[in-house]
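Note: the block below is model_32.pdb and it holds PDB, C-alpha atoms.
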ATOM      1  CA  MET L   1      56.559 104.969  96.163  1.00  0.00           C
ATOM      2  CA  ASP L   2      59.324 107.258  97.401  1.00  0.00           C
ATOM      3  CA  GLN L   3      61.205 106.163 100.471  1.00  0.00           C
ATOM      4  CA  PRO L   4      60.483 108.361 103.512  1.00  0.00           C
ATOM      5  CA  GLN L   5      63.406 109.885 105.328  1.00  0.00           C
ATOM      6  CA  SER L   6      62.848 109.728 109.063  1.00  0.00           C
ATOM      7  CA  SER L   7      64.723 111.748 111.623  1.00  0.00           C
ATOM      8  CA  ALA L   8      62.959 110.053 114.546  1.00  0.00           C
ATOM      9  CA  PRO L   9      65.240 108.907 117.351  1.00  0.00           C
ATOM     10  CA  LEU L  10      65.743 105.179 117.650  1.00  0.00           C
ATOM     11  CA  ALA L  11      64.754 103.265 120.739  1.00  0.00           C
ATOM     12  CA  GLU L  12      67.409 101.259 122.537  1.00  0.00           C
ATOM     13  CA  ASN L  13      65.968  97.987 121.195  1.00  0.00           C
ATOM     14  CA  GLU L  14      65.274  99.166 117.645  1.00  0.00           C
ATOM     15  CA  ALA L  15      67.770  96.706 116.211  1.00  0.00           C
ATOM     16  CA  GLY L  16      66.495  93.140 116.239  1.00  0.00           C
ATOM     17  CA  ASN L  17      69.011  92.060 118.848  1.00  0.00           C
ATOM     18  CA  PRO L  18      69.957  94.394 121.744  1.00  0.00           C
ATOM     19  CA  ASP L  19      73.577  93.367 121.231  1.00  0.00           C
ATOM     20  CA  LYS L  20      73.332  94.831 117.710  1.00  0.00           C
ATOM     21  CA  THR L  21      72.112  98.267 118.745  1.00  0.00           C
ATOM     22  CA  PRO L  22      74.265 100.838 116.881  1.00  0.00           C
ATOM     23  CA  ARG L  23      76.648 102.872 119.021  1.00  0.00           C
ATOM     24  CA  THR L  24      77.505 105.558 116.480  1.00  0.00           C
ATOM     25  CA  GLU L  25      75.458 108.162 114.630  1.00  0.00           C
ATOM     26  CA  ARG L  26      76.494 106.588 111.331  1.00  0.00           C
ATOM     27  CA  GLY L  27      75.182 103.245 112.513  1.00  0.00           C
ATOM     28  CA  ARG L  28      71.927 104.822 113.657  1.00  0.00           C
ATOM     29  CA  ARG L  29      71.498 106.452 110.232  1.00  0.00           C
ATOM     30  CA  THR L  30      72.045 103.115 108.521  1.00  0.00           C
ATOM     31  CA  LEU L  31      69.538 101.433 110.804  1.00  0.00           C
ATOM     32  CA  ARG L  32      66.955 104.148 110.071  1.00  0.00           C
ATOM     33  CA  LYS L  33      67.540 103.686 106.334  1.00  0.00           C
ATOM     34  CA  LEU L  34      66.889  99.969 106.674  1.00  0.00           C
ATOM     35  CA  LEU L  35      63.719 100.495 108.706  1.00  0.00           C
ATOM     36  CA  ASP L  36      62.390 103.170 106.336  1.00  0.00           C
ATOM     37  CA  ALA L  37      63.134 100.909 103.370  1.00  0.00           C
ATOM     38  CA  ALA L  38      61.456  97.990 105.123  1.00  0.00           C
ATOM     39  CA  ALA L  39      58.329 100.106 105.659  1.00  0.00           C
ATOM     40  CA  ILE L  40      58.040 100.634 101.903  1.00  0.00           C
ATOM     41  CA  GLU L  41      58.936  97.055 100.998  1.00  0.00           C
ATOM     42  CA  PHE L  42      56.488  95.470 103.456  1.00  0.00           C
ATOM     43  CA  GLY L  43      53.866  98.109 102.690  1.00  0.00           C
ATOM     44  CA  GLU L  44      53.989  97.458  98.957  1.00  0.00           C
ATOM     45  CA  ARG L  45      54.629  93.726  98.822  1.00  0.00           C
ATOM     46  CA  GLY L  46      53.464  92.365 102.154  1.00  0.00           C
ATOM     47  CA  PHE L  47      55.531  90.304 104.567  1.00  0.00           C
ATOM     48  CA  HIS L  48      55.668  87.058 102.612  1.00  0.00           C
ATOM     49  CA  GLU L  49      56.619  88.611  99.262  1.00  0.00           C
ATOM     50  CA  ALA L  50      59.107  91.085 100.713  1.00  0.00           C
ATOM     51  CA  SER L  51      62.781  90.169 100.727  1.00  0.00           C
ATOM     52  CA  ILE L  52      65.883  91.196 102.611  1.00  0.00           C
ATOM     53  CA  SER L  53      67.758  91.922  99.387  1.00  0.00           C
ATOM     54  CA  ALA L  54      64.976  94.253  98.230  1.00  0.00           C
ATOM     55  CA  ILE L  55      65.067  96.085 101.563  1.00  0.00           C
ATOM     56  CA  THR L  56      68.805  96.679 101.286  1.00  0.00           C
ATOM     57  CA  ARG L  57      68.456  97.824  97.662  1.00  0.00           C
ATOM     58  CA  ARG L  58      65.808 100.336  98.689  1.00  0.00           C
ATOM     59  CA  ALA L  59      68.004 101.471 101.578  1.00  0.00           C
ATOM     60  CA  GLY L  60      71.072 101.784  99.368  1.00  0.00           C
ATOM     61  CA  THR L  61      73.092  99.628 101.735  1.00  0.00           C
ATOM     62  CA  ALA L  62      75.121  96.457 101.328  1.00  0.00           C
ATOM     63  CA  LEU L  63      73.414  93.166 102.104  1.00  0.00           C
ATOM     64  CA  GLY L  64      75.919  92.599 104.896  1.00  0.00           C
ATOM     65  CA  SER L  65      74.727  95.772 106.602  1.00  0.00           C
ATOM     66  CA  PHE L  66      71.360  94.150 107.190  1.00  0.00           C
ATOM     67  CA  TYR L  67      72.900  91.379 109.266  1.00  0.00           C
ATOM     68  CA  THR L  68      74.784  93.920 111.325  1.00  0.00           C
ATOM     69  CA  TYR L  69      71.424  94.830 112.895  1.00  0.00           C
ATOM     70  CA  PHE L  70      68.998  91.983 112.172  1.00  0.00           C
ATOM     71  CA  ASP L  71      69.156  88.207 111.942  1.00  0.00           C
ATOM     72  CA  SER L  72      66.087  87.671 109.763  1.00  0.00           C
ATOM     73  CA  LYS L  73      63.170  89.204 107.898  1.00  0.00           C
ATOM     74  CA  GLU L  74      60.955  88.432 110.883  1.00  0.00           C
ATOM     75  CA  GLU L  75      63.279  90.390 113.152  1.00  0.00           C
ATOM     76  CA  ILE L  76      63.257  93.564 111.053  1.00  0.00           C
ATOM     77  CA  PHE L  77      59.484  93.293 110.746  1.00  0.00           C
ATOM     78  CA  GLN L  78      59.134  93.182 114.530  1.00  0.00           C
ATOM     79  CA  ALA L  79      61.453  96.174 114.862  1.00  0.00           C
ATOM     80  CA  LEU L  80      59.515  98.004 112.158  1.00  0.00           C
ATOM     81  CA  VAL L  81      56.207  97.665 114.032  1.00  0.00           C
ATOM     82  CA  ARG L  82      57.853  99.220 117.103  1.00  0.00           C
ATOM     83  CA  TYR L  83      59.510 101.891 114.974  1.00  0.00           C
ATOM     84  CA  MET L  84      56.286 102.943 113.260  1.00  0.00           C
ATOM     85  CA  SER L  85      54.370 102.912 116.526  1.00  0.00           C
ATOM     86  CA  GLU L  86      57.016 105.204 118.018  1.00  0.00           C
ATOM     87  CA  GLN L  87      56.934 107.486 114.976  1.00  0.00           C
ATOM     88  CA  LEU L  88      53.171 107.808 115.390  1.00  0.00           C
ATOM     89  CA  ARG L  89      53.569 108.555 119.102  1.00  0.00           C
ATOM     90  CA  ASP L  90      56.223 111.193 118.439  1.00  0.00           C
ATOM     91  CA  HIS L  91      54.046 112.799 115.761  1.00  0.00           C
ATOM     92  CA  VAL L  92      50.876 113.014 117.846  1.00  0.00           C
ATOM     93  CA  THR L  93      52.102 113.586 121.410  1.00  0.00           C
ATOM     94  CA  PRO L  94      53.551 117.112 121.091  1.00  0.00           C
ATOM     95  CA  ILE L  95      50.361 118.275 119.401  1.00  0.00           C
ATOM     96  CA  VAL L  96      47.927 116.929 121.996  1.00  0.00           C
ATOM     97  CA  GLN L  97      50.099 118.196 124.840  1.00  0.00           C
ATOM     98  CA  GLY L  98      49.378 121.738 123.707  1.00  0.00           C
ATOM     99  CA  ALA L  99      45.596 121.298 123.806  1.00  0.00           C
ATOM    100  CA  PRO L 100      43.602 123.534 126.203  1.00  0.00           C
ATOM    101  CA  ASP L 101      41.413 120.672 127.485  1.00  0.00           C
ATOM    102  CA  ALA L 102      40.757 116.945 127.160  1.00  0.00           C
ATOM    103  CA  ILE L 103      38.119 117.194 124.432  1.00  0.00           C
ATOM    104  CA  ALA L 104      40.315 119.447 122.302  1.00  0.00           C
ATOM    105  CA  ALA L 105      43.220 117.052 122.843  1.00  0.00           C
ATOM    106  CA  GLU L 106      41.274 114.220 121.193  1.00  0.00           C
ATOM    107  CA  ARG L 107      40.324 116.459 118.257  1.00  0.00           C
ATOM    108  CA  LEU L 108      43.948 117.477 117.730  1.00  0.00           C
ATOM    109  CA  GLY L 109      45.050 113.880 118.217  1.00  0.00           C
ATOM    110  CA  LEU L 110      42.730 112.667 115.480  1.00  0.00           C
ATOM    111  CA  GLN L 111      43.775 115.485 113.151  1.00  0.00           C
ATOM    112  CA  SER L 112      47.445 114.633 113.562  1.00  0.00           C
ATOM    113  CA  TYR L 113      46.741 110.900 113.254  1.00  0.00           C
ATOM    114  CA  LEU L 114      44.921 111.390 109.951  1.00  0.00           C
ATOM    115  CA  GLY L 115      47.808 113.490 108.697  1.00  0.00           C
ATOM    116  CA  PHE L 116      50.289 110.802 109.700  1.00  0.00           C
ATOM    117  CA  VAL L 117      48.315 108.078 107.939  1.00  0.00           C
ATOM    118  CA  ARG L 118      48.123 110.116 104.748  1.00  0.00           C
ATOM    119  CA  GLU L 119      51.908 110.388 104.754  1.00  0.00           C
ATOM    120  CA  HIS L 120      52.520 106.775 105.861  1.00  0.00           C
ATOM    121  CA  LYS L 121      49.729 104.720 104.323  1.00  0.00           C
ATOM    122  CA  GLU L 122      51.838 101.595 104.622  1.00  0.00           C
ATOM    123  CA  ILE L 123      51.225 101.574 108.389  1.00  0.00           C
ATOM    124  CA  TYR L 124      47.828  99.888 107.993  1.00  0.00           C
ATOM    125  CA  ARG L 125      49.145  96.951 105.996  1.00  0.00           C
ATOM    126  CA  ILE L 126      52.124  96.527 108.293  1.00  0.00           C
ATOM    127  CA  ILE L 127      50.086  96.611 111.500  1.00  0.00           C
ATOM    128  CA  ASP L 128      47.407  94.325 110.024  1.00  0.00           C
ATOM    129  CA  GLU L 129      50.026  91.772 108.955  1.00  0.00           C
ATOM    130  CA  ALA L 130      51.633  91.961 112.384  1.00  0.00           C
ATOM    131  CA  GLU L 131      48.574  90.174 113.766  1.00  0.00           C
ATOM    132  CA  PHE L 132      49.729  87.040 111.919  1.00  0.00           C
ATOM    133  CA  VAL L 133      53.499  87.584 111.715  1.00  0.00           C
ATOM    134  CA  ASP L 134      54.168  88.758 115.280  1.00  0.00           C
ATOM    135  CA  TYR L 135      51.058  88.910 117.419  1.00  0.00           C
ATOM    136  CA  ALA L 136      52.895  90.309 120.436  1.00  0.00           C
ATOM    137  CA  SER L 137      53.993  93.370 118.424  1.00  0.00           C
ATOM    138  CA  TYR L 138      50.481  93.770 117.011  1.00  0.00           C
ATOM    139  CA  ARG L 139      48.898  93.719 120.448  1.00  0.00           C
ATOM    140  CA  SER L 140      51.561  95.960 121.949  1.00  0.00           C
ATOM    141  CA  HIS L 141      50.973  98.605 119.265  1.00  0.00           C
ATOM    142  CA  TYR L 142      47.308  98.934 120.157  1.00  0.00           C
ATOM    143  CA  GLU L 143      47.739  98.568 123.907  1.00  0.00           C
ATOM    144  CA  THR L 144      50.357 101.308 124.107  1.00  0.00           C
ATOM    145  CA  THR L 145      48.298 103.563 121.834  1.00  0.00           C
ATOM    146  CA  VAL L 146      45.215 103.122 123.998  1.00  0.00           C
ATOM    147  CA  GLU L 147      47.213 103.615 127.185  1.00  0.00           C
ATOM    148  CA  ARG L 148      48.295 107.051 125.977  1.00  0.00           C
ATOM    149  CA  ILE L 149      44.656 107.955 125.347  1.00  0.00           C
ATOM    150  CA  ARG L 150      43.636 106.574 128.751  1.00  0.00           C
ATOM    151  CA  GLN L 151      46.260 108.698 130.451  1.00  0.00           C
ATOM    152  CA  ARG L 152      44.999 111.797 128.651  1.00  0.00           C
ATOM    153  CA  LEU L 153      41.442 111.036 129.734  1.00  0.00           C
ATOM    154  CA  GLU L 154      42.517 110.428 133.305  1.00  0.00           C
ATOM    155  CA  ALA L 155      44.363 113.747 133.386  1.00  0.00           C
ATOM    156  CA  GLY L 156      41.342 115.501 131.876  1.00  0.00           C
ATOM    157  CA  ALA L 157      39.027 113.946 134.452  1.00  0.00           C
ATOM    158  CA  LYS L 158      41.284 115.120 137.279  1.00  0.00           C
ATOM    159  CA  ARG L 159      41.242 118.645 135.867  1.00  0.00           C
ATOM    160  CA  GLY L 160      37.455 118.540 135.609  1.00  0.00           C
ATOM    161  CA  ASP L 161      37.432 118.823 131.801  1.00  0.00           C
ATOM    162  CA  ILE L 162      35.424 115.627 131.332  1.00  0.00           C
ATOM    163  CA  ARG L 163      33.325 113.176 133.335  1.00  0.00           C
ATOM    164  CA  PRO L 164      35.156 111.641 136.306  1.00  0.00           C
ATOM    165  CA  ASP L 165      34.622 108.027 135.245  1.00  0.00           C
ATOM    166  CA  ALA L 166      36.363 108.408 131.863  1.00  0.00           C
ATOM    167  CA  GLY L 167      38.786 105.512 131.647  1.00  0.00           C
ATOM    168  CA  GLU L 168      39.933 102.428 129.809  1.00  0.00           C
ATOM    169  CA  VAL L 169      36.687 101.537 128.022  1.00  0.00           C
ATOM    170  CA  HIS L 170      36.346 105.091 126.751  1.00  0.00           C
ATOM    171  CA  ALA L 171      39.975 105.039 125.609  1.00  0.00           C
ATOM    172  CA  TRP L 172      39.455 101.859 123.587  1.00  0.00           C
ATOM    173  CA  ALA L 173      36.297 103.350 122.054  1.00  0.00           C
ATOM    174  CA  ILE L 174      38.169 106.475 120.969  1.00  0.00           C
ATOM    175  CA  ALA L 175      41.055 104.412 119.600  1.00  0.00           C
ATOM    176  CA  GLY L 176      38.675 102.236 117.598  1.00  0.00           C
ATOM    177  CA  MET L 177      36.977 105.294 116.128  1.00  0.00           C
ATOM    178  CA  ASN L 178      40.338 106.776 115.184  1.00  0.00           C
ATOM    179  CA  VAL L 179      41.540 103.567 113.530  1.00  0.00           C
ATOM    180  CA  PHE L 180      38.494 103.312 111.288  1.00  0.00           C
ATOM    181  CA  LEU L 181      38.426 107.022 110.491  1.00  0.00           C
ATOM    182  CA  GLY L 182      42.082 106.719 109.558  1.00  0.00           C
ATOM    183  CA  MET L 183      41.259 103.807 107.272  1.00  0.00           C
ATOM    184  CA  ARG L 184      38.396 105.677 105.590  1.00  0.00           C
ATOM    185  CA  TYR L 185      39.845 109.196 105.408  1.00  0.00           C
ATOM    186  CA  GLY L 186      43.577 108.547 105.502  1.00  0.00           C
ATOM    187  CA  LEU L 187      44.116 105.304 103.641  1.00  0.00           C
ATOM    188  CA  TRP L 188      41.179 104.985 101.243  1.00  0.00           C
ATOM    189  CA  ASP L 189      40.409 108.635 100.524  1.00  0.00           C
ATOM    190  CA  ASP L 190      42.734 111.472 101.455  1.00  0.00           C
ATOM    191  CA  ALA L 191      40.734 114.273  99.818  1.00  0.00           C
ATOM    192  CA  PRO L 192      38.294 115.240 102.626  1.00  0.00           C
ATOM    193  CA  ASP L 193      39.364 117.972 105.024  1.00  0.00           C
ATOM    194  CA  VAL L 194      40.900 116.449 108.152  1.00  0.00           C
ATOM    195  CA  ASP L 195      39.818 119.362 110.318  1.00  0.00           C
ATOM    196  CA  ALA L 196      36.160 118.809 109.423  1.00  0.00           C
ATOM    197  CA  ILE L 197      36.435 115.066 110.059  1.00  0.00           C
ATOM    198  CA  ALA L 198      38.131 115.593 113.414  1.00  0.00           C
ATOM    199  CA  GLN L 199      35.544 118.213 114.394  1.00  0.00           C
ATOM    200  CA  ALA L 200      32.646 115.860 113.593  1.00  0.00           C
ATOM    201  CA  ALA L 201      34.228 113.071 115.632  1.00  0.00           C
ATOM    202  CA  ASN L 202      34.995 115.510 118.443  1.00  0.00           C
ATOM    203  CA  ASP L 203      31.389 116.678 118.524  1.00  0.00           C
ATOM    204  CA  LEU L 204      30.359 113.043 118.957  1.00  0.00           C
ATOM    205  CA  LEU L 205      32.719 112.721 121.927  1.00  0.00           C
ATOM    206  CA  ALA L 206      31.531 115.937 123.512  1.00  0.00           C
ATOM    207  CA  ASN L 207      27.800 115.697 122.830  1.00  0.00           C
ATOM    208  CA  GLY L 208      26.907 112.145 121.855  1.00  0.00           C
ATOM    209  CA  LEU L 209      24.097 111.288 119.451  1.00  0.00           C
ATOM    210  CA  LEU L 210      21.117 112.523 121.432  1.00  0.00           C
ATOM    211  CA  LYS L 211      18.863 114.875 119.523  1.00  0.00           C
ATOM    212  CA  ARG L 212      19.346 118.474 120.564  1.00  0.00           C
ATOM    213  CA  ASP L 213      16.482 120.838 121.218  1.00  0.00           C
TER     214      ASP L 213
END
Structure rendered as structure tokens:
Amino acid sequence: MDQPQSSAPLAENEAGNPDKTPRTERGRRTLRKLLDAAAIEFGERGFHEASISAITRRAGTALGSFYTYFDSKEEIFQALVRYMSEQLRDHVTPIVQGAPDAIAAERLGLQSYLGFVREHKEIYRIIDEAEFVDYASYRSHYETTVERIRQRLEAGAKRGDIRPDAGEVHAWAIAGMNVFLGMRYGLWDDAPDVDAIAQAANDLLANGLLKRD
């Protein structure tokens, strides 16, 4: 698998230890290389089989560079979950912000999510393993994802786009649908048209399953 090259900005705490956060652009590039390499290493081999030396080989960096930013394999894994969650956010958010209404925003959000998964299939294995390696990161990934959906629904309800009681339960339902559609049509089979899948899911949101006359 080719190593992805990310240009996403790094959060302040993207290094394992805040004291190790890079202060220069060169340092930030090295940190991104390590995180991108870790995504491939953990995605292909899983947490327990992955190694620090393999991550640095994939990144093309010296082994000592790893310890400039992280103290352990667990630490880079925790940072990687945050990093991938932020990449997903940065991929989806600009697209949904341009939607004309709340229903269209969820269609565009699902489209962009499916596209992201097809390009970063390792995200499913990494997030799934986070449940057992670092539960706090696992839970945070889903809670922050759902909170973004909840905020979109709340804004749509205030505008009058959707029902006024749309809230947290609806946001979790949409997130769950997106996760499983991403597994089926992003991870397992990337041939079907994402627009058609997103439109079918969007029709379910807008109209439910009641038989139409």
Query raised in the report: For Asp36 of chain L, which residue out of L:Ile95, L:Ala196, L:Ala104, L:Ile123 is the nearest one, using only C-alpha atoms?
Result: L:Ile123
Query raised in the report: At what distance in Å, to one decimal, does atom CA of Pro100 of chain L lie from atom CA of His170 of chain L?
Result: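 About the pair atom CA of His170 of chain L and atom CA of Pro100 of chain L: they are 19.8 Å apart.
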Under the rule of at most 10 Å, produce a per-residue listing of segment 33-110 of chain L near segment 172-190 of chain L: chain, number, name, the closest pair of atoms, and the distance in Å, as JSON lines, using all atoms listed in the file.
{"residue": "L:Glu106", "atom": "CA", "partner": "L:Ile174", "partner_atom": "CA", "distance": 8.3}
{"residue": "L:Gly109", "atom": "CA", "partner": "L:Asn178", "partner_atom": "CA", "distance": 9.0}
{"residue": "L:Leu110", "atom": "CA", "partner": "L:Asn178", "partner_atom": "CA", "distance": 6.4}
Query - Non-local contacts of Thr145 of chain L (10 Å; only C-alpha atoms; under 2 positions in same chain excluded) as a PyMOL selection string - result: chain L and resi 85-86+88-89+139-143+147-150+171-172+175
Report task. List the residues selected by the PyMOL selection byres ((chain L and resi 64-75) around 10) in the file shown, writing them as an MDAnalysis selection string. Result -> chainID L and resid 14:22 27 30:31 34 38 47:48 50:53 55:56 59 61:63 76:80 133:134
Requested in this report: May I have the residues at most 10 Å from (41.8, 109.9, 132.2) in the file's coordinates, counting all atoms listed in the file, as a list in words?
Outcome: Ala102, Glu147, Arg148, Ile149, Arg150, Gln151, Arg152, Leu153, Glu154, Ala155, Gly156, Ala157, Lys158, Arg159, Asp161, Ile162, Arg163, Pro164, Asp165, Ala166, Gly167, Glu168, His170 and Ala171 of chain L
Query raised in the report: Looking at L:Ala200, L:Val117, L:Met84, L:Val169, which one is nearest to Ser137 of chain L, with distances taken over all atoms listed in the file?
Result: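 Distance minimum relative to Ser137 of chain L lands on L:Met84.
Atom to atom, atom CA of Thr144 of chain L and atom CA of Arg26 of chain L stand 29.6 Å apart.
Coordinates place atom CA of Tyr113 of chain L at a distance of 15.9 Å from atom CA of Arg125 of chain L.
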Selected segment 174-184 of chain L, written as a PDB file, in the first residue's frame, all heavy atoms:
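Resulting contents of part.pdb:
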ATOM      1  N   ILE L 174     -27.902   8.945  12.513  1.00  0.00           N
ATOM      2  CA  ILE L 174     -27.270   9.268  11.234  1.00  0.00           C
ATOM      3  C   ILE L 174     -25.825   8.789  11.226  1.00  0.00           C
ATOM      4  O   ILE L 174     -25.351   8.205  10.234  1.00  0.00           O
ATOM      5  CB  ILE L 174     -27.342  10.784  10.974  1.00  0.00           C
ATOM      6  CG1 ILE L 174     -28.796  11.202  10.731  1.00  0.00           C
ATOM      7  CG2 ILE L 174     -26.466  11.178   9.783  1.00  0.00           C
ATOM      8  CD1 ILE L 174     -28.994  12.714  10.701  1.00  0.00           C
ATOM      9  N   ALA L 175     -25.112   9.011  12.329  1.00  0.00           N
ATOM     10  CA  ALA L 175     -23.718   8.579  12.402  1.00  0.00           C
ATOM     11  C   ALA L 175     -23.610   7.060  12.261  1.00  0.00           C
ATOM     12  O   ALA L 175     -22.727   6.554  11.556  1.00  0.00           O
ATOM     13  CB  ALA L 175     -23.096   9.032  13.722  1.00  0.00           C
ATOM     14  N   GLY L 176     -24.501   6.337  12.921  1.00  0.00           N
ATOM     15  CA  GLY L 176     -24.469   4.880  12.815  1.00  0.00           C
ATOM     16  C   GLY L 176     -24.722   4.414  11.398  1.00  0.00           C
ATOM     17  O   GLY L 176     -24.046   3.492  10.904  1.00  0.00           O
ATOM     18  N   MET L 177     -25.676   5.039  10.720  1.00  0.00           N
ATOM     19  CA  MET L 177     -25.945   4.703   9.324  1.00  0.00           C
ATOM     20  C   MET L 177     -24.712   4.959   8.472  1.00  0.00           C
ATOM     21  O   MET L 177     -24.319   4.127   7.642  1.00  0.00           O
ATOM     22  CB  MET L 177     -27.123   5.535   8.815  1.00  0.00           C
ATOM     23  CG  MET L 177     -27.460   5.317   7.348  1.00  0.00           C
ATOM     24  SD  MET L 177     -28.919   6.274   6.829  1.00  0.00           S
ATOM     25  CE  MET L 177     -28.284   7.956   6.957  1.00  0.00           C
ATOM     26  N   ASN L 178     -24.064   6.105   8.685  1.00  0.00           N
ATOM     27  CA  ASN L 178     -22.899   6.448   7.887  1.00  0.00           C
ATOM     28  C   ASN L 178     -21.745   5.470   8.109  1.00  0.00           C
ATOM     29  O   ASN L 178     -21.057   5.081   7.159  1.00  0.00           O
ATOM     30  CB  ASN L 178     -22.441   7.871   8.218  1.00  0.00           C
ATOM     31  CG  ASN L 178     -23.414   8.928   7.734  1.00  0.00           C
ATOM     32  OD1 ASN L 178     -24.366   8.635   7.023  1.00  0.00           O
ATOM     33  ND2 ASN L 178     -23.185  10.166   8.133  1.00  0.00           N
ATOM     34  N   VAL L 179     -21.547   5.073   9.368  1.00  0.00           N
ATOM     35  CA  VAL L 179     -20.456   4.141   9.671  1.00  0.00           C
ATOM     36  C   VAL L 179     -20.648   2.825   8.935  1.00  0.00           C
ATOM     37  O   VAL L 179     -19.719   2.286   8.328  1.00  0.00           O
ATOM     38  CB  VAL L 179     -20.346   3.904  11.194  1.00  0.00           C
ATOM     39  CG1 VAL L 179     -19.449   2.707  11.487  1.00  0.00           C
ATOM     40  CG2 VAL L 179     -19.792   5.146  11.878  1.00  0.00           C
ATOM     41  N   PHE L 180     -21.854   2.292   8.958  1.00  0.00           N
ATOM     42  CA  PHE L 180     -22.083   0.997   8.316  1.00  0.00           C
ATOM     43  C   PHE L 180     -22.126   1.110   6.800  1.00  0.00           C
ATOM     44  O   PHE L 180     -21.691   0.192   6.099  1.00  0.00           O
ATOM     45  CB  PHE L 180     -23.344   0.343   8.876  1.00  0.00           C
ATOM     46  CG  PHE L 180     -23.085  -0.388  10.156  1.00  0.00           C
ATOM     47  CD1 PHE L 180     -23.261   0.243  11.381  1.00  0.00           C
ATOM     48  CD2 PHE L 180     -22.624  -1.693  10.150  1.00  0.00           C
ATOM     49  CE1 PHE L 180     -22.987  -0.408  12.557  1.00  0.00           C
ATOM     50  CE2 PHE L 180     -22.347  -2.368  11.323  1.00  0.00           C
ATOM     51  CZ  PHE L 180     -22.528  -1.723  12.542  1.00  0.00           C
ATOM     52  N   LEU L 181     -22.630   2.220   6.278  1.00  0.00           N
ATOM     53  CA  LEU L 181     -22.564   2.414   4.829  1.00  0.00           C
ATOM     54  C   LEU L 181     -21.114   2.563   4.382  1.00  0.00           C
ATOM     55  O   LEU L 181     -20.728   2.070   3.315  1.00  0.00           O
ATOM     56  CB  LEU L 181     -23.377   3.647   4.425  1.00  0.00           C
ATOM     57  CG  LEU L 181     -24.896   3.482   4.487  1.00  0.00           C
ATOM     58  CD1 LEU L 181     -25.582   4.828   4.254  1.00  0.00           C
ATOM     59  CD2 LEU L 181     -25.390   2.452   3.476  1.00  0.00           C
ATOM     60  N   GLY L 182     -20.307   3.227   5.202  1.00  0.00           N
ATOM     61  CA  GLY L 182     -18.895   3.344   4.882  1.00  0.00           C
ATOM     62  C   GLY L 182     -18.206   1.995   4.892  1.00  0.00           C
ATOM     63  O   GLY L 182     -17.338   1.719   4.047  1.00  0.00           O
ATOM     64  N   MET L 183     -18.582   1.135   5.825  1.00  0.00           N
ATOM     65  CA  MET L 183     -18.007  -0.206   5.876  1.00  0.00           C
ATOM     66  C   MET L 183     -18.391  -1.002   4.626  1.00  0.00           C
ATOM     67  O   MET L 183     -17.543  -1.645   3.999  1.00  0.00           O
ATOM     68  CB  MET L 183     -18.502  -0.924   7.140  1.00  0.00           C
ATOM     69  CG  MET L 183     -17.888  -2.296   7.358  1.00  0.00           C
ATOM     70  SD  MET L 183     -18.585  -3.120   8.820  1.00  0.00           S
ATOM     71  CE  MET L 183     -18.117  -1.974  10.125  1.00  0.00           C
ATOM     72  N   ARG L 184     -19.668  -0.932   4.257  1.00  0.00           N
ATOM     73  CA  ARG L 184     -20.162  -1.728   3.125  1.00  0.00           C
ATOM     74  C   ARG L 184     -19.685  -1.181   1.779  1.00  0.00           C
ATOM     75  O   ARG L 184     -19.238  -1.947   0.911  1.00  0.00           O
ATOM     76  CB  ARG L 184     -21.696  -1.756   3.171  1.00  0.00           C
ATOM     77  CG  ARG L 184     -22.376  -2.370   1.945  1.00  0.00           C
ATOM     78  CD  ARG L 184     -22.022  -3.848   1.774  1.00  0.00           C
ATOM     79  NE  ARG L 184     -22.705  -4.418   0.623  1.00  0.00           N
ATOM     80  CZ  ARG L 184     -22.242  -4.360  -0.625  1.00  0.00           C
ATOM     81  NH1 ARG L 184     -21.100  -3.731  -0.888  1.00  0.00           N
ATOM     82  NH2 ARG L 184     -22.919  -4.906  -1.613  1.00  0.00           N
TER      83      ARG L 184
END
